[in-house]
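Novice: The following file, model39.txt, comprises compact mmCIF, C-alpha atoms and all ligand atoms:
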```txt
# COMPACT_ATOMS: atom_id res chain seq x y z
CA VAL A 193 -29.50 63.17 92.80
CA LEU A 194 -30.32 66.83 92.74
CA THR A 195 -28.14 69.69 91.72
CA ALA A 196 -29.63 72.70 90.00
CA THR A 197 -27.07 73.09 87.25
CA GLU A 198 -26.75 69.45 86.22
CA GLY A 199 -28.15 68.00 83.01
CA PRO A 200 -29.23 69.68 79.77
CA ASP A 201 -31.07 72.99 79.83
CA THR A 202 -32.50 73.05 76.33
CA GLN A 203 -35.15 75.69 77.00
CA GLY A 204 -32.95 78.07 78.99
CA TRP A 205 -35.00 77.77 82.15
CA ARG A 206 -31.89 78.11 84.27
CA GLU A 207 -31.80 81.80 83.41
CA LEU A 208 -35.04 82.08 85.36
CA PHE A 209 -33.61 80.68 88.59
CA ALA A 210 -33.66 83.01 91.58
CA GLY A 211 -30.33 83.94 93.13
CA ARG A 212 -31.13 81.82 96.18
CA VAL A 213 -30.95 78.63 94.14
CA ALA A 214 -27.15 78.91 94.24
CA GLY A 215 -27.37 78.57 98.03
CA MET A 216 -29.29 75.33 97.64
CA GLU A 217 -26.57 73.53 95.71
CA ASN A 218 -24.96 70.92 97.87
CA ASP A 219 -22.83 68.15 96.45
CA ALA A 220 -22.39 66.68 99.90
CA LEU A 221 -26.01 65.81 100.30
CA ALA A 222 -26.02 64.39 96.81
CA THR A 223 -23.09 62.17 97.78
CA LEU A 224 -24.84 61.05 100.93
CA LEU A 225 -28.02 60.12 99.13
CA GLY A 226 -26.04 58.42 96.39
CA LEU A 227 -24.36 56.15 98.91
CA ALA A 228 -27.57 54.88 100.43
CA GLY A 229 -29.25 51.77 99.20
CA ARG A 230 -26.59 49.73 97.36
CA GLU A 231 -27.03 46.10 98.40
CA ASP A 232 -23.36 45.09 98.44
CA VAL A 233 -22.33 48.07 100.53
CA ILE A 234 -22.29 48.09 104.33
CA SER A 235 -23.45 51.62 104.96
CA PHE A 236 -22.59 53.78 107.93
CA ALA A 237 -23.79 56.73 105.85
CA GLY A 238 -27.50 57.43 106.34
CA GLY A 239 -28.90 58.57 109.68
CA LEU A 240 -32.19 56.72 109.37
CA PRO A 241 -34.15 55.25 112.26
CA ASP A 242 -34.20 51.45 112.36
CA PRO A 243 -37.59 50.22 111.03
CA ALA A 244 -37.53 47.66 113.87
CA THR A 245 -38.48 50.57 116.15
CA PHE A 246 -41.78 51.11 114.29
CA MET A 247 -44.68 49.30 115.99
CA THR A 248 -46.71 48.85 112.82
CA ASP A 249 -49.83 47.11 114.18
CA ARG A 250 -50.31 49.83 116.72
CA LEU A 251 -49.69 52.54 114.15
CA ALA A 252 -52.33 50.95 111.93
CA GLU A 253 -54.73 50.90 114.87
CA VAL A 254 -54.32 54.58 115.72
CA ALA A 255 -54.50 55.55 112.03
CA ARG A 256 -57.76 53.64 111.66
CA GLN A 257 -59.14 55.16 114.85
CA ALA A 258 -58.27 58.68 113.74
CA ILE A 259 -59.85 58.24 110.30
CA VAL A 260 -62.97 56.37 111.37
CA ASP A 261 -63.73 58.09 114.66
CA GLU A 262 -62.88 61.69 113.77
CA PRO A 263 -62.65 62.23 110.02
CA GLY A 264 -63.68 65.87 110.56
CA VAL A 265 -60.38 66.42 112.34
CA ALA A 266 -57.92 63.86 111.03
CA LEU A 267 -58.74 64.44 107.36
CA GLN A 268 -59.66 68.12 107.42
CA TYR A 269 -58.06 71.56 107.07
CA GLU A 270 -57.11 72.70 110.55
CA PRO A 271 -55.39 75.72 112.15
CA THR A 272 -51.91 76.62 110.90
CA PRO A 273 -50.03 76.42 114.23
CA GLY A 274 -51.43 72.93 114.88
CA LEU A 275 -54.53 71.33 116.37
CA PRO A 276 -55.27 73.02 119.70
CA ARG A 277 -55.20 69.57 121.32
CA THR A 278 -51.72 68.89 119.90
CA ARG A 279 -50.43 72.18 121.25
CA ASP A 280 -51.88 71.38 124.67
CA TRP A 281 -50.45 67.87 124.48
CA PHE A 282 -47.00 69.25 123.72
CA ARG A 283 -47.26 71.65 126.65
CA SER A 284 -47.92 68.78 129.02
CA TYR A 285 -45.24 66.70 127.28
CA LEU A 286 -42.71 69.47 127.96
CA ALA A 287 -43.87 69.91 131.53
CA ARG A 288 -43.41 66.18 132.08
CA ARG A 289 -40.07 65.88 130.26
CA GLU A 290 -38.41 69.21 130.84
CA GLY A 291 -40.14 70.39 134.00
CA VAL A 292 -41.29 73.73 132.61
CA ALA A 293 -44.84 75.01 132.10
CA THR A 294 -45.41 77.09 128.99
CA THR A 295 -48.31 78.93 127.37
CA PHE A 296 -50.48 77.89 124.46
CA GLU A 297 -49.16 80.85 122.42
CA SER A 298 -45.57 79.63 122.87
CA VAL A 299 -45.95 76.35 121.00
CA MET A 300 -46.74 75.25 117.45
CA VAL A 301 -46.64 72.13 115.29
CA THR A 302 -44.52 71.92 112.13
CA SER A 303 -44.01 69.40 109.33
CA GLY A 304 -40.81 67.97 110.75
CA GLY A 305 -37.83 69.65 112.32
CA VAL A 306 -36.58 70.88 108.97
CA GLU A 307 -39.73 72.89 108.37
CA ALA A 308 -39.33 74.54 111.77
CA LEU A 309 -35.83 75.59 110.69
CA ASP A 310 -37.11 76.74 107.34
CA LEU A 311 -39.83 78.90 108.90
CA LEU A 312 -37.39 80.36 111.38
CA ASN A 313 -34.87 81.28 108.71
CA LYS A 314 -37.63 82.63 106.49
CA VAL A 315 -38.75 85.09 109.15
CA LEU A 316 -35.30 86.01 110.52
CA VAL A 317 -32.69 85.77 107.77
CA ASP A 318 -32.17 88.38 105.07
CA PRO A 319 -29.46 87.86 102.45
CA GLY A 320 -26.03 88.32 104.04
CA ASP A 321 -27.24 87.87 107.63
CA VAL A 322 -25.04 85.84 109.95
CA VAL A 323 -26.23 82.62 111.60
CA LEU A 324 -23.94 80.84 114.03
CA MET A 325 -23.67 77.06 114.13
CA GLU A 326 -21.49 74.50 115.80
CA ALA A 327 -18.63 73.40 113.56
CA PRO A 328 -19.40 70.71 112.52
CA SER A 329 -23.20 70.85 112.41
CA TYR A 330 -26.25 69.25 110.83
CA LEU A 331 -26.07 69.67 107.07
CA GLY A 332 -29.81 70.28 106.73
CA ALA A 333 -29.66 73.30 109.03
CA GLU A 334 -26.77 74.83 107.09
CA MET A 335 -28.63 74.25 103.83
CA VAL A 336 -31.73 76.02 105.11
CA THR A 337 -29.75 79.10 106.09
CA THR A 338 -27.79 79.23 102.83
CA SER A 339 -31.01 78.78 100.85
CA TYR A 340 -32.10 82.11 102.37
CA GLN A 341 -28.69 83.51 101.41
CA GLY A 342 -27.59 83.75 105.04
CA GLU A 343 -23.95 83.41 105.99
CA VAL A 344 -23.16 80.50 108.32
CA VAL A 345 -20.33 81.15 110.77
CA GLY A 346 -18.97 78.14 112.66
CA VAL A 347 -18.20 77.90 116.38
CA PRO A 348 -15.54 75.24 117.07
CA MET A 349 -16.39 72.32 119.34
CA ASP A 350 -14.47 70.12 121.72
CA ASP A 351 -15.60 66.99 123.56
CA ASP A 352 -17.85 69.09 125.83
CA GLY A 353 -19.75 70.80 122.99
CA PRO A 354 -19.37 74.21 121.34
CA ARG A 355 -16.61 76.38 122.87
CA VAL A 356 -18.39 79.19 124.68
CA ASP A 357 -15.14 81.15 125.04
CA LEU A 358 -14.65 81.10 121.27
CA LEU A 359 -18.31 82.00 120.76
CA ARG A 360 -17.68 85.09 122.87
CA ASP A 361 -14.68 85.97 120.67
CA THR A 362 -16.79 85.47 117.54
CA LEU A 363 -19.57 87.70 118.90
CA ASP A 364 -16.98 90.37 119.76
CA ALA A 365 -15.47 90.18 116.28
CA LEU A 366 -18.91 90.41 114.64
CA ALA A 367 -19.89 93.32 116.91
CA ARG A 368 -16.76 95.21 115.82
CA ARG A 369 -18.04 94.87 112.25
CA GLY A 370 -21.47 96.04 113.37
CA ARG A 371 -23.03 92.60 112.83
CA ARG A 372 -25.61 91.01 115.11
CA PRO A 373 -26.10 87.31 114.37
CA LYS A 374 -29.70 86.28 113.89
CA PHE A 375 -29.33 83.20 116.07
CA ILE A 376 -27.07 80.35 117.09
CA TYR A 377 -28.20 76.86 116.15
CA THR A 378 -27.15 74.02 118.42
CA ILE A 379 -27.86 70.31 118.86
CA PRO A 380 -26.88 69.78 122.49
CA ASP A 381 -27.70 66.06 122.77
CA TYR A 382 -25.72 63.40 120.84
CA GLN A 383 -25.11 65.90 118.08
CA ASN A 384 -25.42 65.19 114.39
CA PRO A 385 -22.75 64.62 113.12
CA SER A 386 -20.32 64.37 116.05
CA GLY A 387 -22.26 62.41 118.69
CA ILE A 388 -21.06 64.99 121.24
CA THR A 389 -23.26 66.10 124.16
CA LEU A 390 -23.03 69.61 125.55
CA THR A 391 -22.14 69.34 129.26
CA GLY A 392 -24.40 70.77 131.97
CA GLU A 393 -21.82 73.32 133.00
CA ARG A 394 -21.32 74.57 129.48
CA ARG A 395 -25.08 74.72 128.88
CA ALA A 396 -25.34 77.15 131.77
CA ALA A 397 -22.44 79.20 130.35
CA LEU A 398 -23.97 79.23 126.86
CA VAL A 399 -27.38 80.34 128.11
CA ALA A 400 -25.76 83.05 130.26
CA LEU A 401 -23.65 84.39 127.38
CA ALA A 402 -26.62 84.33 125.01
CA ALA A 403 -28.73 86.27 127.52
CA GLU A 404 -25.92 88.79 128.09
CA ARG A 405 -25.53 89.41 124.34
CA ALA A 406 -29.21 89.14 123.35
CA LEU A 407 -28.36 86.20 121.12
CA LEU A 408 -31.30 83.95 120.20
CA LEU A 409 -30.59 80.27 120.88
CA VAL A 410 -32.11 77.64 118.61
CA GLU A 411 -31.99 74.22 120.25
CA ASP A 412 -32.64 71.12 118.13
CA ILE A 413 -33.32 68.08 120.33
CA ALA A 414 -33.85 65.55 117.52
CA TYR A 415 -31.97 62.81 119.44
CA ARG A 416 -32.52 63.82 123.07
CA ARG A 417 -34.99 61.02 123.85
CA LEU A 418 -32.55 58.44 122.52
CA GLY A 419 -29.93 58.51 125.26
CA THR A 420 -28.31 55.28 126.39
CA GLY A 421 -28.37 56.29 130.07
CA ASP A 422 -30.88 58.07 132.27
CA ALA A 423 -29.06 61.18 133.48
CA GLN A 424 -29.27 64.15 131.11
CA PRO A 425 -28.34 67.80 131.51
CA PRO A 426 -31.31 70.18 131.23
CA THR A 427 -32.40 71.58 127.88
CA LEU A 428 -31.22 75.13 127.14
CA TRP A 429 -34.89 75.96 126.72
CA SER A 430 -35.70 74.91 130.29
CA LEU A 431 -32.88 77.17 131.51
CA ASN A 432 -34.30 80.21 129.71
CA PRO A 433 -37.58 79.71 127.78
CA ALA A 434 -37.71 83.43 126.88
CA GLY A 435 -34.43 83.19 124.97
CA VAL A 436 -34.61 79.81 123.24
CA VAL A 437 -36.42 78.24 120.29
CA LEU A 438 -36.80 74.54 121.06
CA ILE A 439 -37.36 72.20 118.10
CA ASP A 440 -38.52 68.73 119.06
CA THR A 441 -39.06 66.44 116.08
CA PHE A 442 -40.81 63.10 116.48
CA ALA A 443 -39.12 61.71 113.36
CA LYS A 444 -36.73 59.51 115.35
CA THR A 445 -39.12 58.53 118.13
CA PHE A 446 -42.45 58.07 116.25
CA PHE A 447 -41.66 57.78 112.53
CA PRO A 448 -40.19 60.16 109.92
CA ALA A 449 -43.09 59.97 107.45
CA ALA A 450 -45.46 61.37 110.08
CA ARG A 451 -43.63 64.69 109.50
CA VAL A 452 -44.48 65.96 112.97
CA ALA A 453 -42.34 68.23 115.08
CA CYS A 454 -43.27 70.66 117.83
CA VAL A 455 -41.68 74.01 118.58
CA ALA A 456 -41.59 75.98 121.83
CA ALA A 457 -40.47 79.59 121.44
CA PRO A 458 -41.16 83.14 122.52
CA PRO A 459 -44.75 83.90 121.36
CA GLU A 460 -43.69 86.72 119.02
CA LEU A 461 -41.62 84.19 117.06
CA ILE A 462 -44.41 81.60 117.03
CA ARG A 463 -46.69 84.29 115.62
CA VAL A 464 -44.44 85.14 112.65
CA MET A 465 -43.53 81.50 112.01
CA THR A 466 -47.25 80.79 111.83
CA LEU A 467 -47.64 83.57 109.25
CA ALA A 468 -44.81 82.02 107.23
CA LYS A 469 -46.40 78.59 107.47
CA GLN A 470 -49.59 79.89 105.86
CA THR A 471 -47.77 79.99 102.53
CA THR A 472 -45.95 76.67 102.80
CA ASP A 473 -48.18 73.77 103.82
CA GLN A 474 -50.83 75.70 105.84
CA PHE A 475 -50.75 73.05 108.58
CA ALA A 476 -48.87 69.89 109.58
CA SER A 477 -50.76 66.70 108.77
CA THR A 478 -53.74 66.46 111.10
CA LEU A 479 -53.80 62.71 110.49
CA SER A 480 -50.26 62.46 111.86
CA GLN A 481 -51.08 64.73 114.79
CA SER A 482 -54.17 62.65 115.65
CA MET A 483 -52.17 59.44 115.42
CA LEU A 484 -49.38 60.75 117.64
CA LEU A 485 -51.79 61.86 120.35
CA ALA A 486 -53.74 58.58 120.32
CA TYR A 487 -50.48 56.63 120.35
CA ASP A 488 -49.20 58.51 123.36
CA ARG A 489 -52.56 58.20 125.15
CA GLN A 490 -52.11 54.42 125.04
CA GLY A 491 -48.59 54.70 126.47
CA TRP A 492 -47.14 53.47 123.19
CA LEU A 493 -44.89 56.44 122.53
CA ASP A 494 -43.01 55.77 125.79
CA GLU A 495 -42.91 52.10 124.92
CA GLN A 496 -41.50 52.77 121.46
CA VAL A 497 -38.88 55.13 122.84
CA ALA A 498 -37.82 52.55 125.44
CA ARG A 499 -37.56 49.93 122.73
CA ALA A 500 -35.61 52.23 120.43
CA ARG A 501 -33.19 53.07 123.22
CA THR A 502 -32.52 49.38 123.80
CA ILE A 503 -31.92 48.79 120.09
CA TYR A 504 -29.63 51.81 119.60
CA THR A 505 -27.72 51.19 122.81
CA ARG A 506 -26.91 47.66 121.67
CA ARG A 507 -25.88 49.01 118.29
CA ARG A 508 -23.74 51.75 119.82
CA ASP A 509 -22.02 49.24 122.13
CA ALA A 510 -21.33 46.86 119.24
CA MET A 511 -19.98 49.75 117.17
CA LEU A 512 -17.62 51.13 119.82
CA ASP A 513 -16.44 47.66 120.73
CA ALA A 514 -15.70 46.82 117.10
CA MET A 515 -13.98 50.16 116.49
CA GLY A 516 -11.64 49.44 119.40
CA ARG A 517 -10.78 46.01 118.02
CA VAL A 518 -10.70 46.62 114.30
CA LEU A 519 -9.59 50.18 113.50
CA PRO A 520 -5.88 51.00 113.20
CA ALA A 521 -4.11 52.30 116.30
CA GLY A 522 -3.85 56.08 116.66
CA LEU A 523 -7.31 57.00 115.37
CA GLN A 524 -9.71 58.92 117.56
CA TRP A 525 -13.47 58.79 117.74
CA THR A 526 -16.27 60.09 119.94
CA ARG A 527 -18.19 57.89 122.38
CA PRO A 528 -21.78 59.09 122.06
CA GLY A 529 -24.12 58.85 125.04
CA GLY A 530 -27.03 58.28 122.65
CA GLY A 531 -28.32 59.12 119.19
CA PHE A 532 -27.10 57.69 115.91
CA PHE A 533 -23.53 58.87 115.26
CA THR A 534 -19.87 58.60 116.08
CA TRP A 535 -17.25 60.90 114.58
CA LEU A 536 -13.90 59.61 113.50
CA THR A 537 -10.67 61.58 113.20
CA LEU A 538 -8.20 60.22 110.65
CA PRO A 539 -4.41 60.57 110.84
CA GLU A 540 -2.97 63.93 109.77
CA GLY A 541 -2.91 64.20 105.99
CA VAL A 542 -5.54 61.52 105.29
CA ASP A 543 -8.54 62.97 103.47
CA ALA A 544 -11.92 61.33 104.17
CA THR A 545 -13.51 62.89 101.07
CA ALA A 546 -10.80 61.51 98.78
CA LEU A 547 -11.06 58.12 100.48
CA ALA A 548 -14.83 57.73 100.12
CA PRO A 549 -14.76 56.27 96.57
CA GLN A 550 -12.10 53.72 97.60
CA ALA A 551 -14.19 52.78 100.60
CA MET A 552 -17.21 52.36 98.31
CA ALA A 553 -15.15 50.16 96.02
CA ARG A 554 -14.41 47.95 99.03
CA GLY A 555 -18.08 47.90 99.99
CA VAL A 556 -18.30 50.33 102.89
CA ALA A 557 -19.93 53.78 103.00
CA TYR A 558 -19.63 56.70 105.39
CA VAL A 559 -20.19 60.44 105.15
CA PRO A 560 -17.02 62.54 104.78
CA GLY A 561 -16.77 65.26 107.43
CA GLN A 562 -15.97 68.26 105.23
CA PRO A 563 -19.56 69.19 104.27
CA PHE A 564 -20.55 69.47 107.94
CA PHE A 565 -18.21 72.46 108.27
CA THR A 566 -18.70 75.95 106.92
CA ARG A 567 -16.67 77.03 103.91
CA GLY A 568 -13.05 77.78 104.69
CA VAL A 569 -12.76 75.30 107.56
CA ASP A 570 -10.63 72.24 106.90
CA GLY A 571 -12.69 69.20 107.88
CA ARG A 572 -11.00 66.66 105.63
CA ARG A 573 -9.68 64.52 108.48
CA TYR A 574 -13.14 63.72 109.79
CA LEU A 575 -15.89 61.34 108.87
CA ARG A 576 -19.29 60.45 110.28
CA LEU A 577 -20.24 56.88 111.04
CA SER A 578 -23.90 56.18 111.69
CA TYR A 579 -24.87 52.99 113.50
CA SER A 580 -28.64 53.46 113.62
CA TYR A 581 -29.43 51.58 110.44
CA VAL A 582 -26.63 49.06 109.97
CA ALA A 583 -27.21 45.41 110.90
CA VAL A 584 -25.31 44.47 114.08
CA ASP A 585 -23.71 41.52 112.33
CA GLY A 586 -22.42 43.79 109.56
CA ILE A 587 -20.59 46.20 111.86
CA ASP A 588 -17.36 44.21 112.23
CA GLU A 589 -17.05 43.52 108.53
CA GLY A 590 -17.89 47.10 107.60
CA LEU A 591 -15.24 48.45 109.94
CA ARG A 592 -12.68 45.93 108.69
CA ARG A 593 -13.21 47.21 105.16
CA LEU A 594 -12.87 50.77 106.40
CA ALA A 595 -9.73 49.90 108.37
CA ALA A 596 -8.12 48.44 105.26
CA VAL A 597 -8.79 51.61 103.28
CA ILE A 598 -7.47 53.86 106.05
CA GLU A 599 -4.35 51.72 106.53
CA GLN A 600 -3.60 51.85 102.86
CA ALA A 601 -4.02 55.61 102.78
CA SER A 602 -1.88 56.12 105.90
CA ALA A 603 0.99 53.95 104.67
CA PRO A 604 4.16 55.86 103.80
CA SER A 605 3.90 56.98 100.19
CA GLY A 606 4.79 54.34 97.66
CA GLU A 607 3.46 51.52 99.80
CA GLY A 608 -0.09 52.74 99.75
CA ILE A 609 -1.02 52.12 96.16
C1 LIG A 701 -30.28 67.37 114.14
C2 LIG A 701 -31.40 67.08 113.23
N1 LIG A 701 -32.43 67.91 113.15
C3 LIG A 701 -33.48 67.68 112.34
C4 LIG A 701 -33.52 66.57 111.54
C5 LIG A 701 -34.67 66.37 110.60
O1 LIG A 701 -35.83 66.29 111.28
P1 LIG A 701 -37.20 66.03 110.50
O2 LIG A 701 -37.11 64.70 109.85
O3 LIG A 701 -38.19 66.08 111.59
O4 LIG A 701 -37.37 67.14 109.53
C6 LIG A 701 -32.48 65.67 111.57
C7 LIG A 701 -32.52 64.49 110.69
O5 LIG A 701 -31.59 63.90 110.30
C8 LIG A 701 -31.38 65.92 112.42
O6 LIG A 701 -30.33 65.11 112.47
```
What is this structure when it is put down as structure tokens?

Specialist:
Amino acid sequence: VLTATEGPDTQGWRELFAGRVAGMENDALATLLGLAGREDVISFAGGLPDPATFMTDRLAEVARQAIVDEPGVALQYEPTPGLPRTRDWFRSYLARREGVATTFESVMVTSGGVEALDLLNKVLVDPGDVVLMEAPSYLGAEMVTTSYQGEVVGVPMDDDGPRVDLLRDTLDALARRGRRPKFIYTIPDYQNPSGITLTGERRAALVALAAERALLLVEDIAYRRLGTGDAQPPTLWSLNPAGVVLIDTFAKTFFPAARVACVAAPPELIRVMTLAKQTTDQFASTLSQSMLLAYDRQGWLDEQVARARTIYTRRRDAMLDAMGRVLPAGLQWTRPGGGFFTWLTLPEGVDATALAPQAMARGVAYVPGQPFFTRGVDGRRYLRLSYSYVAVDGIDEGLRRLAAVIEQASAPSGEGI
């Protein structure tokens, strides 16, 4: 597990580290990775897609096709913002899904959603700049901003998503200090880590406030296609394409190792992100892009998404049902309308970070909530439970183990140990 200052440094190389390395340190991620993969542990920790959603024969077929039929494309250096055909494909994909036509210059392909965030921070964030995020938010996004020495400021959430009234207060307070945030990052659909969906009404309010204050919105729709029902509020991007960067990764709907995401954004941002991409990977895998397009042409992407939705809906239902039966009375948790996560609130005074090793000792893993908050915010009462990767028949037992640990910790002192 990676931390920059761990282990011996016999040659003194650490003295060479750039200042930004300090912003890359994150024990939380180390903990998360450390929890994954132990056989005797029922893990609600990792947010991985279920391999049962991968249609391997078909993937092999489109990979073979791409390599054999068009090696000059699928195996070759290609333009930095993506194959022209991928960019056109994404435009029609967005028109179909989000009902908005966009230009060729407004879209690009990146190596996953994280690279899109990295490029965006690279071109927007100088050391000390403020970036706003929901509190809690996706750890990866926070890590990207802090790796560029940006300052993450949290916007509290309730069950309807980030509080737009409090965002207004935060913007006012920053403006009084002469600070203009570089952007606000949001995951409106089945958020990681909370499972919360931003309501339609609040989306309109958020877009209106952002437009009024010239605040750039960055919308990550990593889980949007994985809703359990059919009705969905519109994307922020569709409400105001000129003011929103939309990041649409195919990691959860195609497969993570493809490392394909698409971005729709104002063309001036696409232009500088493309410049930044020239010095990272030059272009997202053309083999992956070719596979994705061929896969969708056959109707298999829609088929895989439908299949994934069935699998995750079953898993979500089993999870919420078991939580209601097994967890101690008085706890609260979110009821996600899709995605991979539910978010549990422990009784006052019970610390999910402190409890994690005891839970591990009993054979159950989760991710403590604290790291999903910015520094200075007390998130110790929260924890994230992921149901995307746990076997359905392990859910009850996993939650029973968790319940035992929570009950012990909540017992009046003296009885708990
Ligand atoms: C909200 C969110 N955005 C982005 C990602 C990462 O996307 P990718 O694998 O495409 O880099 C994740 C993965 O966990 C995520 O939860």

Novice: I'd like to know which of A:Asp513, A:Lys469, A:Gly531, A:Arg573 is closest to Arg416 in chain A, using all atoms listed in the file.

Specialist: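 Closest residue, counting all atoms listed in the file: A:Gly531.
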
Novice: Report as an NGL selection string all protein, DNA and RNA residues lying within 9 Å of range 296-307 of chain A, evaluated on only C-alpha atoms, omitting residues in the same chain fewer than 4 positions from it.

Specialist: :A and (272-276 or 278-280 or 282-283 or 311-312 or 332-333 or 336 or 412 or 414 or 439-443 or 448-463 or 465-466 or 469 or 473 or 475-477 or 481)

Novice: Near Ala397 in chain A, counting only C-alpha atoms, which residues have an atom at most 9 Å away, once you skip same-chain residues fewer than 5 positions from it, shown as JSON, numbers by chain?

Specialist: {"A": [356, 392, 402]}

Novice: Have a look at A:Gly419, A:Gly516, A:Gly346, A:Pro380 and name the one nearest to ligand LIG 701 (chain A); count all atoms listed in the file.

Specialist: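 With all atoms listed in the file as the atom set, the closest residue is A:Pro380.
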
Novice: Between A:Ala514, A:Leu523, A:Leu267, A:Ala252, single out the one closest to Asp585 in chain A, counting only C-alpha atoms.

Specialist: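 Among the listed residues, the smallest separation from Asp585 in chain A belongs to A:Ala514.
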
Novice: N, CA and C atoms for range 352-368 of chain A, written as a PDB file, in the frame of the given file, could you do that?

Specialist:
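What ended up in selection.pdb:
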```
ATOM      1  N   ASP A 352     -16.774  68.630 124.949  1.00  0.00           N
ATOM      2  CA  ASP A 352     -17.850  69.090 125.830  1.00  0.00           C
ATOM      3  C   ASP A 352     -18.902  69.913 125.096  1.00  0.00           C
ATOM      4  N   GLY A 353     -18.773  70.018 123.765  1.00  0.00           N
ATOM      5  CA  GLY A 353     -19.750  70.800 122.990  1.00  0.00           C
ATOM      6  C   GLY A 353     -19.108  72.055 122.417  1.00  0.00           C
ATOM      7  N   PRO A 354     -19.938  72.987 121.920  1.00  0.00           N
ATOM      8  CA  PRO A 354     -19.370  74.210 121.340  1.00  0.00           C
ATOM      9  C   PRO A 354     -18.593  75.008 122.383  1.00  0.00           C
ATOM     10  N   ARG A 355     -17.484  75.620 121.952  1.00  0.00           N
ATOM     11  CA  ARG A 355     -16.610  76.380 122.870  1.00  0.00           C
ATOM     12  C   ARG A 355     -17.216  77.751 123.129  1.00  0.00           C
ATOM     13  N   VAL A 356     -17.714  77.934 124.344  1.00  0.00           N
ATOM     14  CA  VAL A 356     -18.390  79.190 124.680  1.00  0.00           C
ATOM     15  C   VAL A 356     -17.401  80.355 124.688  1.00  0.00           C
ATOM     16  N   ASP A 357     -16.140  80.075 125.058  1.00  0.00           N
ATOM     17  CA  ASP A 357     -15.140  81.150 125.040  1.00  0.00           C
ATOM     18  C   ASP A 357     -14.900  81.643 123.598  1.00  0.00           C
ATOM     19  N   LEU A 358     -14.868  80.701 122.665  1.00  0.00           N
ATOM     20  CA  LEU A 358     -14.650  81.100 121.270  1.00  0.00           C
ATOM     21  C   LEU A 358     -15.904  81.754 120.678  1.00  0.00           C
ATOM     22  N   LEU A 359     -17.074  81.335 121.177  1.00  0.00           N
ATOM     23  CA  LEU A 359     -18.310  82.000 120.760  1.00  0.00           C
ATOM     24  C   LEU A 359     -18.267  83.466 121.172  1.00  0.00           C
ATOM     25  N   ARG A 360     -17.792  83.704 122.393  1.00  0.00           N
ATOM     26  CA  ARG A 360     -17.680  85.090 122.870  1.00  0.00           C
ATOM     27  C   ARG A 360     -16.758  85.894 121.946  1.00  0.00           C
ATOM     28  N   ASP A 361     -15.627  85.289 121.580  1.00  0.00           N
ATOM     29  CA  ASP A 361     -14.680  85.970 120.670  1.00  0.00           C
ATOM     30  C   ASP A 361     -15.360  86.276 119.326  1.00  0.00           C
ATOM     31  N   THR A 362     -16.106  85.280 118.821  1.00  0.00           N
ATOM     32  CA  THR A 362     -16.790  85.470 117.540  1.00  0.00           C
ATOM     33  C   THR A 362     -17.803  86.608 117.629  1.00  0.00           C
ATOM     34  N   LEU A 363     -18.566  86.628 118.729  1.00  0.00           N
ATOM     35  CA  LEU A 363     -19.570  87.700 118.900  1.00  0.00           C
ATOM     36  C   LEU A 363     -18.881  89.061 118.972  1.00  0.00           C
ATOM     37  N   ASP A 364     -17.733  89.108 119.668  1.00  0.00           N
ATOM     38  CA  ASP A 364     -16.980  90.370 119.760  1.00  0.00           C
ATOM     39  C   ASP A 364     -16.530  90.806 118.368  1.00  0.00           C
ATOM     40  N   ALA A 365     -15.985  89.840 117.619  1.00  0.00           N
ATOM     41  CA  ALA A 365     -15.470  90.180 116.280  1.00  0.00           C
ATOM     42  C   ALA A 365     -16.610  90.659 115.374  1.00  0.00           C
ATOM     43  N   LEU A 366     -17.762  89.990 115.462  1.00  0.00           N
ATOM     44  CA  LEU A 366     -18.910  90.410 114.640  1.00  0.00           C
ATOM     45  C   LEU A 366     -19.387  91.794 115.074  1.00  0.00           C
ATOM     46  N   ALA A 367     -19.410  92.020 116.391  1.00  0.00           N
ATOM     47  CA  ALA A 367     -19.890  93.320 116.910  1.00  0.00           C
ATOM     48  C   ALA A 367     -18.990  94.446 116.404  1.00  0.00           C
ATOM     49  N   ARG A 368     -17.685  94.173 116.331  1.00  0.00           N
ATOM     50  CA  ARG A 368     -16.760  95.210 115.820  1.00  0.00           C
ATOM     51  C   ARG A 368     -17.077  95.570 114.377  1.00  0.00           C
TER      52      ARG A 368
END
```
